[in-house]
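What follows is the content of input36.cif, which has mmCIF, C-alpha atoms:
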```
data_final
loop_
_atom_site.label_atom_id
_atom_site.label_comp_id
_atom_site.auth_asym_id
_atom_site.auth_seq_id
_atom_site.Cartn_x
_atom_site.Cartn_y
_atom_site.Cartn_z
CA MET A 1 -14.29 -11.98 -146.87
CA SER A 2 -13.93 -12.86 -150.49
CA LEU A 3 -14.26 -10.43 -153.31
CA GLU A 4 -15.55 -11.45 -156.67
CA THR A 5 -17.00 -9.90 -159.77
CA THR A 6 -20.50 -11.00 -160.66
CA GLU A 7 -21.84 -11.61 -164.11
CA HIS A 8 -23.11 -8.04 -164.00
CA GLY A 9 -19.58 -6.78 -163.57
CA ARG A 10 -20.13 -5.44 -160.09
CA LEU A 11 -18.16 -6.24 -157.02
CA ARG A 12 -19.83 -8.61 -154.65
CA LYS A 13 -18.69 -9.37 -151.14
CA GLU A 14 -19.77 -12.58 -149.54
CA THR A 15 -19.22 -14.00 -146.12
CA GLU A 16 -16.57 -16.66 -145.93
CA SER A 17 -17.15 -18.25 -142.53
CA SER A 18 -20.13 -20.24 -141.33
CA GLY A 19 -22.39 -18.47 -143.77
CA ALA A 20 -23.49 -21.74 -145.29
CA ASP A 21 -26.92 -23.00 -144.31
CA ARG A 22 -27.93 -26.61 -143.97
CA SER A 23 -27.96 -27.13 -147.71
CA GLY A 24 -24.46 -25.72 -148.02
CA GLU A 25 -25.60 -22.54 -149.75
CA LYS A 26 -25.35 -18.95 -148.63
CA ALA A 27 -28.40 -17.41 -147.02
CA VAL A 28 -27.54 -13.82 -147.95
CA SER A 29 -25.17 -11.88 -150.17
CA TRP A 30 -24.56 -8.23 -150.75
CA ALA A 31 -23.06 -5.81 -153.21
CA LEU A 32 -22.29 -2.09 -153.33
CA LYS A 33 -22.74 -0.27 -156.60
CA ASP A 34 -23.17 3.42 -157.36
CA GLY A 35 -23.72 4.26 -153.69
CA VAL A 36 -26.45 1.65 -153.22
CA ILE A 37 -25.94 -1.47 -151.13
CA GLU A 38 -28.16 -4.38 -152.06
CA LEU A 39 -28.64 -7.15 -149.52
CA ALA A 40 -30.19 -10.22 -151.17
CA LEU A 41 -31.86 -13.01 -149.19
CA HIS A 42 -31.80 -16.41 -150.86
CA ARG A 43 -32.19 -19.26 -148.44
CA ALA A 44 -34.94 -21.69 -149.48
CA PRO A 45 -37.72 -22.28 -148.81
CA CYS A 46 -38.53 -18.71 -147.76
CA ASN A 47 -35.49 -17.14 -146.09
CA GLU A 48 -36.26 -18.53 -142.64
CA LEU A 49 -33.94 -16.90 -140.13
CA GLY A 50 -31.91 -19.45 -138.16
CA SER A 51 -28.43 -19.51 -136.68
CA ALA A 52 -26.61 -19.74 -140.04
CA SER A 53 -28.59 -16.84 -141.52
CA LEU A 54 -27.98 -14.80 -138.37
CA GLN A 55 -24.22 -15.35 -138.60
CA GLU A 56 -24.29 -14.11 -142.19
CA LEU A 57 -26.42 -11.11 -141.27
CA GLU A 58 -23.90 -10.28 -138.53
CA ASN A 59 -21.14 -10.39 -141.11
CA PHE A 60 -23.22 -8.11 -143.30
CA ALA A 61 -23.80 -5.71 -140.38
CA THR A 62 -20.05 -5.52 -139.79
CA ASP A 63 -19.44 -4.82 -143.46
CA LEU A 64 -22.33 -2.34 -143.54
CA GLN A 65 -20.49 -0.08 -141.11
CA ARG A 66 -17.62 0.12 -143.57
CA MET A 67 -19.71 0.36 -146.73
CA GLN A 68 -22.04 3.06 -145.41
CA GLU A 69 -19.16 5.55 -145.69
CA SER A 70 -19.62 5.44 -149.44
CA ALA A 71 -23.32 4.60 -149.76
CA HIS A 72 -26.52 6.60 -149.57
CA ALA A 73 -29.03 3.75 -149.67
CA LEU A 74 -29.51 0.13 -148.69
CA ILE A 75 -32.04 -2.14 -150.37
CA ILE A 76 -33.01 -5.45 -148.77
CA HIS A 77 -34.81 -7.90 -151.03
CA SER A 78 -35.39 -11.61 -151.60
CA GLN A 79 -34.32 -13.56 -154.65
CA LEU A 80 -36.83 -16.30 -153.90
CA LYS A 81 -40.22 -16.49 -155.58
CA SER A 82 -41.88 -17.65 -152.36
CA GLY A 83 -41.51 -14.29 -150.69
CA PHE A 84 -39.40 -11.85 -148.74
CA CYS A 85 -38.97 -13.85 -145.53
CA ALA A 86 -41.18 -16.24 -143.55
CA GLY A 87 -39.55 -15.27 -140.24
CA ALA A 88 -37.66 -17.26 -137.66
CA ASP A 89 -36.66 -20.82 -138.49
CA LEU A 90 -39.16 -22.49 -136.17
CA ARG A 91 -37.98 -25.98 -137.00
CA GLU A 92 -34.42 -25.17 -135.98
CA LEU A 93 -35.71 -23.36 -132.89
CA TYR A 94 -37.80 -26.35 -131.86
CA HIS A 95 -35.14 -28.99 -132.47
CA ARG A 96 -32.44 -26.96 -130.71
CA SER A 97 -34.61 -26.34 -127.69
CA GLN A 98 -35.49 -30.05 -127.52
CA ALA A 99 -31.82 -31.00 -127.52
CA MET A 100 -30.97 -29.08 -124.35
CA ASP A 101 -32.29 -28.50 -120.84
CA LYS A 102 -34.77 -25.69 -120.22
CA ALA A 103 -32.26 -23.22 -118.74
CA SER A 104 -29.81 -23.71 -121.62
CA ALA A 105 -32.60 -23.36 -124.18
CA LEU A 106 -33.67 -20.10 -122.60
CA ARG A 107 -30.09 -18.78 -122.52
CA GLY A 108 -29.68 -19.76 -126.17
CA MET A 109 -32.91 -18.01 -127.07
CA ARG A 110 -31.90 -14.81 -125.31
CA ASP A 111 -28.49 -14.87 -126.97
CA PHE A 112 -30.11 -15.32 -130.39
CA LEU A 113 -32.48 -12.40 -129.74
CA GLU A 114 -29.69 -10.13 -128.49
CA ARG A 115 -27.70 -10.86 -131.64
CA ILE A 116 -30.52 -10.32 -134.10
CA HIS A 117 -31.51 -7.13 -132.27
CA ARG A 118 -27.95 -5.81 -132.67
CA VAL A 119 -28.15 -6.43 -136.43
CA LEU A 120 -31.60 -4.88 -136.82
CA ASN A 121 -30.71 -1.90 -134.62
CA LEU A 122 -27.69 -1.22 -136.84
CA ILE A 123 -29.86 -1.35 -139.94
CA ASP A 124 -32.52 0.79 -138.23
CA ALA A 125 -30.02 3.51 -137.29
CA ALA A 126 -27.73 3.30 -140.32
CA PRO A 127 -26.89 6.78 -141.65
CA LEU A 128 -28.29 5.97 -145.07
CA THR A 129 -31.81 5.42 -146.32
CA THR A 130 -32.89 1.82 -146.06
CA ILE A 131 -35.56 0.23 -148.25
CA ALA A 132 -37.21 -3.16 -147.88
CA ALA A 133 -38.38 -4.31 -151.31
CA VAL A 134 -40.86 -7.04 -150.44
CA HIS A 135 -43.06 -9.56 -152.23
CA GLY A 136 -44.99 -12.64 -151.16
CA VAL A 137 -44.69 -13.87 -147.61
CA THR A 138 -43.37 -11.21 -145.23
CA PHE A 139 -44.15 -12.86 -141.91
CA GLY A 140 -42.91 -12.66 -138.34
CA GLY A 141 -39.17 -12.02 -138.31
CA GLY A 142 -39.31 -11.17 -142.01
CA PHE A 143 -41.86 -8.48 -141.28
CA GLU A 144 -39.62 -7.27 -138.45
CA LEU A 145 -36.64 -7.05 -140.80
CA ALA A 146 -38.72 -4.91 -143.15
CA LEU A 147 -39.88 -2.74 -140.23
CA ALA A 148 -36.27 -1.92 -139.36
CA CYS A 149 -36.00 -0.21 -142.75
CA ASP A 150 -36.99 3.38 -143.46
CA LEU A 151 -39.25 2.56 -146.41
CA ILE A 152 -41.16 -0.53 -147.42
CA ILE A 153 -41.93 -0.96 -151.10
CA ALA A 154 -44.27 -3.88 -151.67
CA ASP A 155 -45.42 -5.68 -154.77
CA LYS A 156 -49.16 -6.23 -154.79
CA MET A 157 -48.78 -9.91 -153.92
CA ALA A 158 -46.92 -9.17 -150.67
CA ARG A 159 -48.56 -10.41 -147.50
CA PHE A 160 -47.68 -9.38 -143.96
CA CYS A 161 -48.39 -11.12 -140.66
CA PHE A 162 -47.37 -11.43 -137.03
CA PRO A 163 -48.44 -15.03 -136.31
CA GLU A 164 -46.49 -15.34 -133.04
CA LEU A 165 -49.48 -15.41 -130.69
CA ARG A 166 -50.47 -18.72 -132.27
CA LEU A 167 -47.30 -20.13 -130.72
CA GLY A 168 -47.90 -18.48 -127.37
CA LEU A 169 -45.29 -15.81 -128.08
CA ILE A 170 -44.98 -12.20 -129.09
CA PRO A 171 -42.77 -11.02 -131.96
CA GLY A 172 -39.18 -11.11 -130.73
CA PHE A 173 -37.07 -9.33 -133.37
CA GLY A 174 -38.20 -5.81 -132.46
CA GLY A 175 -41.54 -5.90 -134.24
CA VAL A 176 -43.79 -4.50 -131.54
CA PRO A 177 -41.70 -1.42 -130.60
CA ARG A 178 -41.16 -0.62 -134.28
CA LEU A 179 -44.83 -1.06 -135.12
CA LYS A 180 -45.71 1.19 -132.18
CA ARG A 181 -43.25 3.76 -133.48
CA ASP A 182 -44.76 3.73 -136.96
CA LEU A 183 -48.50 3.10 -136.51
CA GLY A 184 -51.46 3.96 -134.31
CA ASN A 185 -51.97 1.70 -131.32
CA ALA A 186 -55.39 0.42 -132.47
CA VAL A 187 -53.83 -0.87 -135.69
CA VAL A 188 -50.98 -2.47 -133.77
CA ARG A 189 -53.47 -4.23 -131.50
CA ASP A 190 -55.38 -5.55 -134.51
CA LEU A 191 -52.28 -6.91 -136.24
CA LEU A 192 -50.77 -8.37 -133.10
CA LEU A 193 -53.78 -9.72 -131.24
CA THR A 194 -55.60 -11.26 -134.22
CA GLY A 195 -52.41 -12.52 -135.87
CA ARG A 196 -54.19 -12.17 -139.20
CA SER A 197 -52.28 -11.68 -142.40
CA PHE A 198 -52.99 -8.71 -144.63
CA ASN A 199 -52.06 -7.64 -148.13
CA ALA A 200 -49.97 -4.79 -149.51
CA VAL A 201 -52.95 -2.54 -150.22
CA LYS A 202 -54.07 -2.79 -146.60
CA ALA A 203 -50.47 -2.24 -145.49
CA GLN A 204 -50.37 0.97 -147.49
CA GLN A 205 -53.75 2.11 -146.15
CA ILE A 206 -52.53 1.84 -142.56
CA GLY A 207 -49.33 3.71 -143.37
CA LEU A 208 -46.85 0.87 -143.28
CA VAL A 209 -45.96 0.61 -146.93
CA SER A 210 -44.87 3.63 -148.92
CA GLN A 211 -45.39 2.24 -152.44
CA VAL A 212 -47.40 -0.66 -153.84
CA VAL A 213 -46.19 -1.81 -157.24
CA GLY A 214 -47.05 -4.55 -159.73
CA GLU A 215 -46.00 -8.16 -159.34
CA GLY A 216 -42.25 -8.58 -159.55
CA GLU A 217 -41.64 -4.82 -159.59
CA SER A 218 -40.61 -4.08 -155.99
CA LEU A 219 -36.85 -4.29 -156.55
CA ARG A 220 -37.03 -2.13 -159.68
CA ALA A 221 -39.08 0.47 -157.77
CA ALA A 222 -36.65 0.35 -154.84
CA ARG A 223 -33.71 0.91 -157.19
CA ALA A 224 -35.48 3.88 -158.78
CA THR A 225 -36.13 5.33 -155.32
CA ALA A 226 -32.52 4.74 -154.27
CA ALA A 227 -31.31 6.52 -157.42
CA GLN A 228 -33.44 9.54 -156.49
CA LEU A 229 -32.06 9.55 -152.93
CA GLY A 230 -28.56 9.72 -154.38
CA LYS A 231 -29.27 13.28 -155.52
CA PHE A 232 -29.58 14.51 -151.94
CA ASP A 233 -26.84 15.58 -149.57
CA ARG A 234 -25.98 12.50 -147.51
CA GLU A 235 -25.33 14.34 -144.26
CA THR A 236 -28.67 16.15 -144.50
CA ALA A 237 -30.52 12.90 -145.18
CA ALA A 238 -28.77 11.20 -142.25
CA THR A 239 -29.58 14.13 -139.94
CA ALA A 240 -33.24 14.07 -141.00
CA LYS A 241 -33.40 10.34 -140.37
CA ARG A 242 -31.89 10.66 -136.87
CA PHE A 243 -34.48 13.33 -136.07
CA ILE A 244 -37.50 11.48 -137.50
CA LYS A 245 -36.75 7.89 -136.58
CA PRO A 246 -35.31 7.28 -133.13
CA VAL A 247 -34.54 3.66 -132.30
CA PRO A 248 -36.83 2.63 -129.37
CA HIS A 249 -34.01 1.00 -127.37
CA ASP A 250 -35.86 0.76 -124.03
CA GLU A 251 -38.89 -0.96 -125.53
CA LEU A 252 -36.67 -3.25 -127.58
CA ARG A 253 -34.99 -4.39 -124.35
CA GLN A 254 -38.40 -4.94 -122.76
CA GLU A 255 -39.49 -6.99 -125.74
CA ILE A 256 -36.55 -9.39 -125.31
CA ASP A 257 -37.39 -9.81 -121.62
CA LEU A 258 -41.07 -10.42 -122.32
CA PHE A 259 -40.30 -12.86 -125.12
CA CYS A 260 -37.97 -14.88 -122.89
CA GLU A 261 -40.53 -14.87 -120.09
CA LEU A 262 -43.12 -16.33 -122.46
CA PHE A 263 -40.66 -18.70 -124.14
CA ALA A 264 -40.06 -20.47 -120.82
CA ARG A 265 -43.66 -21.71 -120.67
CA PRO A 266 -44.55 -25.28 -121.72
CA ALA A 267 -47.31 -23.92 -124.00
CA VAL A 268 -44.66 -22.51 -126.33
CA GLN A 269 -42.93 -25.85 -126.79
CA ALA A 270 -46.34 -27.39 -127.48
CA GLY A 271 -47.09 -24.68 -130.06
CA LEU A 272 -43.73 -25.16 -131.75
CA ARG A 273 -44.19 -28.93 -131.82
CA LYS A 274 -47.63 -28.53 -133.36
CA PHE A 275 -46.20 -26.31 -136.09
CA VAL A 276 -43.18 -28.50 -136.81
CA GLU A 277 -45.16 -31.74 -136.89
CA SER A 278 -48.17 -30.32 -138.72
CA THR A 279 -49.26 -31.99 -141.91
CA ASP A 280 -52.10 -29.49 -142.22
CA ALA A 281 -52.18 -27.86 -145.62
CA GLN A 282 -52.67 -24.51 -143.92
CA PRO A 283 -50.03 -24.29 -141.14
CA TYR A 284 -49.50 -20.61 -141.94
CA LEU A 285 -53.17 -19.83 -141.36
CA PRO A 286 -53.96 -19.36 -137.68
CA MET B 1 -73.25 -6.77 -156.75
CA PRO B 2 -72.40 -10.11 -158.40
CA THR B 3 -74.36 -13.23 -157.54
CA THR B 4 -72.69 -16.04 -155.65
CA ASP B 5 -72.53 -18.05 -158.86
CA GLN B 6 -70.78 -15.17 -160.62
CA THR B 7 -68.34 -14.84 -157.73
CA LEU B 8 -67.68 -18.56 -157.85
CA ASP B 9 -67.03 -18.39 -161.57
CA GLU B 10 -64.57 -15.53 -161.13
CA ILE B 11 -62.73 -17.47 -158.42
CA LEU B 12 -62.40 -20.48 -160.68
CA ASN B 13 -61.13 -18.31 -163.53
CA LEU B 14 -58.60 -16.58 -161.28
CA ALA B 15 -57.35 -19.82 -159.74
CA ALA B 16 -56.99 -21.44 -163.16
CA ALA B 17 -55.03 -18.48 -164.53
CA HIS B 18 -52.81 -17.98 -161.48
CA PHE B 19 -51.88 -21.62 -161.03
CA LYS B 20 -51.90 -22.41 -164.74
CA VAL B 21 -54.52 -25.14 -164.52
CA PRO B 22 -57.06 -25.66 -167.35
CA ARG B 23 -60.28 -23.93 -166.29
CA GLU B 24 -62.40 -26.92 -167.32
CA LYS B 25 -60.60 -29.08 -164.75
CA LEU B 26 -61.85 -26.98 -161.85
CA ARG B 27 -65.26 -27.67 -160.34
CA PRO B 28 -67.05 -25.76 -157.56
CA ASP B 29 -66.90 -28.57 -155.02
CA ASP B 30 -63.30 -29.54 -155.69
CA ASP B 31 -60.79 -29.53 -152.85
CA PHE B 32 -58.63 -26.70 -154.13
CA PHE B 33 -55.53 -27.91 -152.28
CA LYS B 34 -55.68 -31.15 -154.22
CA THR B 35 -56.97 -29.86 -157.55
CA LEU B 36 -54.50 -26.99 -157.72
CA GLY B 37 -51.77 -28.93 -155.96
CA ILE B 38 -50.93 -25.98 -153.72
CA ASP B 39 -49.25 -25.70 -150.33
CA SER B 40 -49.85 -23.23 -147.53
CA LEU B 41 -47.70 -20.46 -149.01
CA GLN B 42 -49.45 -20.75 -152.36
CA THR B 43 -52.79 -20.65 -150.56
CA LEU B 44 -51.79 -17.26 -149.22
CA ASP B 45 -51.00 -16.20 -152.80
CA LEU B 46 -54.50 -17.25 -153.82
CA LEU B 47 -56.00 -15.31 -150.92
CA THR B 48 -54.06 -12.18 -151.89
CA LYS B 49 -55.08 -12.59 -155.52
CA LEU B 50 -58.74 -12.87 -154.51
CA GLU B 51 -58.57 -9.89 -152.14
CA ASN B 52 -56.99 -7.76 -154.85
CA HIS B 53 -59.47 -8.86 -157.47
CA PHE B 54 -62.62 -8.39 -155.39
CA ARG B 55 -61.16 -5.40 -153.48
CA ILE B 56 -62.01 -6.93 -150.13
CA GLU B 57 -60.24 -7.96 -146.95
CA LEU B 58 -60.73 -11.60 -146.05
CA PRO B 59 -59.13 -12.48 -142.70
CA ASP B 60 -57.30 -15.75 -143.13
CA TYR B 61 -58.86 -17.23 -139.99
CA GLU B 62 -62.18 -17.20 -141.83
CA LEU B 63 -60.64 -19.69 -144.25
CA GLN B 64 -59.79 -22.19 -141.55
CA GLY B 65 -61.31 -25.49 -142.62
CA VAL B 66 -62.35 -24.12 -146.03
CA SER B 67 -61.06 -26.30 -148.84
CA ASP B 68 -63.60 -26.11 -151.68
CA PHE B 69 -64.27 -23.30 -154.13
CA ARG B 70 -67.99 -23.07 -153.37
CA THR B 71 -67.50 -22.41 -149.65
CA LEU B 72 -64.73 -19.96 -150.50
CA ALA B 73 -67.14 -18.12 -152.80
CA GLY B 74 -69.63 -17.84 -149.94
CA LYS B 75 -66.97 -16.30 -147.68
CA ILE B 76 -66.06 -13.76 -150.36
CA GLN B 77 -69.69 -12.99 -151.18
CA ALA B 78 -70.25 -12.06 -147.53
CA ARG B 79 -67.57 -9.37 -147.84
CA LEU B 80 -68.78 -7.76 -151.07
#
```

Could you show the structure in this file as structure tokens?
Amino acid sequence: MSLETTEHGRLRKETESSGADRSGEKAVSWALKDGVIELALHRAPCNELGSASLQELENFATDLQRMQESAHALIIHSQLKSGFCAGADLRELYHRSQAMDKASALRGMRDFLERIHRVLNLIDAAPLTTIAAVHGVTFGGGFELALACDLIIADKMARFCFPELRLGLIPGFGGVPRLKRDLGNAVVRDLLLTGRSFNAVKAQQIGLVSQVVGEGESLRAARATAAQLGKFDRETAATAKRFIKPVPHDELRQEIDLFCELFARPAVQAGLRKFVESTDAQPYLP
Amino acid sequence: MPTTDQTLDEILNLAAAHFKVPREKLRPDDDFFKTLGIDSLQTLDLLTKLENHFRIELPDYELQGVSDFRTLAGKIQARL
């Protein structure tokens, strides 16, 4: 770890190891100030989650366990205009799986899922209040990252989607068990089986988003919420969270198994290839 | 309820303002990908902008193959 002071005078910790992505820049960074941890995502084009990002998130998760002793809230947000997070890095996934035999690709996939689940489960169960401050594209794995948080605060241009069925898959980063925990089953079926994207207003109507704010205001609103949470007794808040929000471990395990079962089928490789090689102007629209 | 022409006009105004393109450069039968110079993520922005403005839900699969403002207006009109 390295410790540096940012231009805002706060202490920022950044990962020192393989945290660099393909362009040589960090994918995430985090800072703790006044009891609030802020995890910023900033890997262009839209915070796609690949192996480098995962390594950095694992480093964050390790540091989170130390920082949460002196924090009452965690805010996850994106510094990119394009959105919160477009989900898994499908290009990396495709090229990696093409470079190895089927059994190795499947083992690699399961290992990746186990690792990202560990990170998201830690965030989900962290004894502080977690807030996803989202804008723009919040798709697939990005949506699942937001779902691991206790609150989602969305700017009115945020858009959510589980597009995995288009690839012959189901969400693999814990999305289905967490959606089932938070929403009615009919809504979950709609979002999952149609794969359609929906806006922040709809997300609030179905009970997914706690606050919808103006464009560019989600981080400010999340900070205001975090400041309010700081007035409460931390142990009481943590106890309430444990009571209200159990982590659905059994279903999360089942999801990994189901994902890997589906991933082994040739249709998935065909779907990934179609996405990666697409020159269609609308590859995000199923 | 607005007429289809009114809806079309509002779409053109919104697209021009959001993507900072002179309104007079946009015509109903233009391919909006080319005229606005937008990619898939920006298309989603436009969809969200339109849904918020018209207070509708427009499933993105209904936009598959839609690339001109006039057809887009028809899709929105059907949801008003």

Proximity check chain B to chain A, 12 Å, nearest pairs one decimal Å, only C-alpha atoms, as CSV:
```
residue,atom,partner,partner_atom,distance
B:His18,CA,A:Met157,CA,11.8
B:Asp31,CA,A:Ala281,CA,11.4
B:Phe32,CA,A:Ala281,CA,10.7
B:Phe33,CA,A:Ala281,CA,7.5
B:Lys34,CA,A:Ala281,CA,9.9
B:Gly37,CA,A:Ala281,CA,10.4
B:Ile38,CA,A:Ala281,CA,8.4
B:Asp39,CA,A:Ala281,CA,6.0
B:Ser40,CA,A:Gln282,CA,4.8
B:Leu41,CA,A:Ser82,CA,7.3
B:Gln42,CA,A:Ser82,CA,8.2
B:Thr43,CA,A:Gln282,CA,7.7
B:Leu44,CA,A:Arg159,CA,7.8
B:Asp45,CA,A:Met157,CA,6.8
B:Leu46,CA,A:Met157,CA,9.3
B:Leu47,CA,A:Asn199,CA,9.1
B:Thr48,CA,A:Met157,CA,6.1
B:Lys49,CA,A:Met157,CA,7.0
B:Leu50,CA,A:Met157,CA,10.4
B:Glu51,CA,A:Asn199,CA,8.0
B:Asn52,CA,A:Lys156,CA,8.0
B:His53,CA,A:Lys156,CA,11.0
B:Arg55,CA,A:Val201,CA,9.3
B:Ile56,CA,A:Lys202,CA,9.6
B:Glu57,CA,A:Phe198,CA,7.6
B:Leu58,CA,A:Phe198,CA,8.4
B:Pro59,CA,A:Arg196,CA,6.1
B:Asp60,CA,A:Leu285,CA,6.1
B:Tyr61,CA,A:Pro286,CA,5.8
B:Glu62,CA,A:Leu285,CA,9.4
B:Leu63,CA,A:Leu285,CA,8.0
B:Gln64,CA,A:Leu285,CA,7.0
B:Gly65,CA,A:Gln282,CA,8.8
B:Val66,CA,A:Gln282,CA,9.9
B:Ser67,CA,A:Ala281,CA,9.6
```

Polymer residues at most 10 Å from Leu57 of chain A, only C-alpha atoms, same-chain spacing of 4 or more positions, as a list in words = Thr15, Gly19, Ala27, Val28, Ser29, Leu39, Leu41, Leu49, Ser51, Ala52, Ser53, Ala61, Thr62, Asp63, Leu64, Arg115, Ile116, Val119 and Leu120 of chain A

Computed gap from atom CA of Phe69 of chain B to atom CA of Pro28 of chain B is 5.1 Å

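Going from atom CA of Asp5 of chain B to atom CA of Lys75 of chain B covers 12.6 Å.
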
Practice item. Could you expand the PyMOL selection byres ((chain B and resi 25) around 10) into the explicit residues it covers here, written as a PyMOL selection string? Key: chain B and resi 12+16+21-24+26-27+30+35-36

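Reported to one decimal place, the separation of atom CA of Asn47 of chain A from atom CA of Leu262 of chain A is 24.8 Å.
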
Inset, instruction - Do a neighbour search on segment 170-183 of chain A at 9 Å with all atoms listed in the file, toss out local chain neighbours closer than 6 positions, and write the hits as a ChimeraX atom specification. - result: /A:113-114,116-117,120-121,140-141,143-145,147-148,162-164,192,206-208,245-249,251-253,255-256,258-260,262

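Take the candidates B:Phe54, B:Leu80, B:Asp29, B:Thr3 and check each one against Asp68 of chain B using all atoms listed in the file; the shortest distance goes to B:Asp29.
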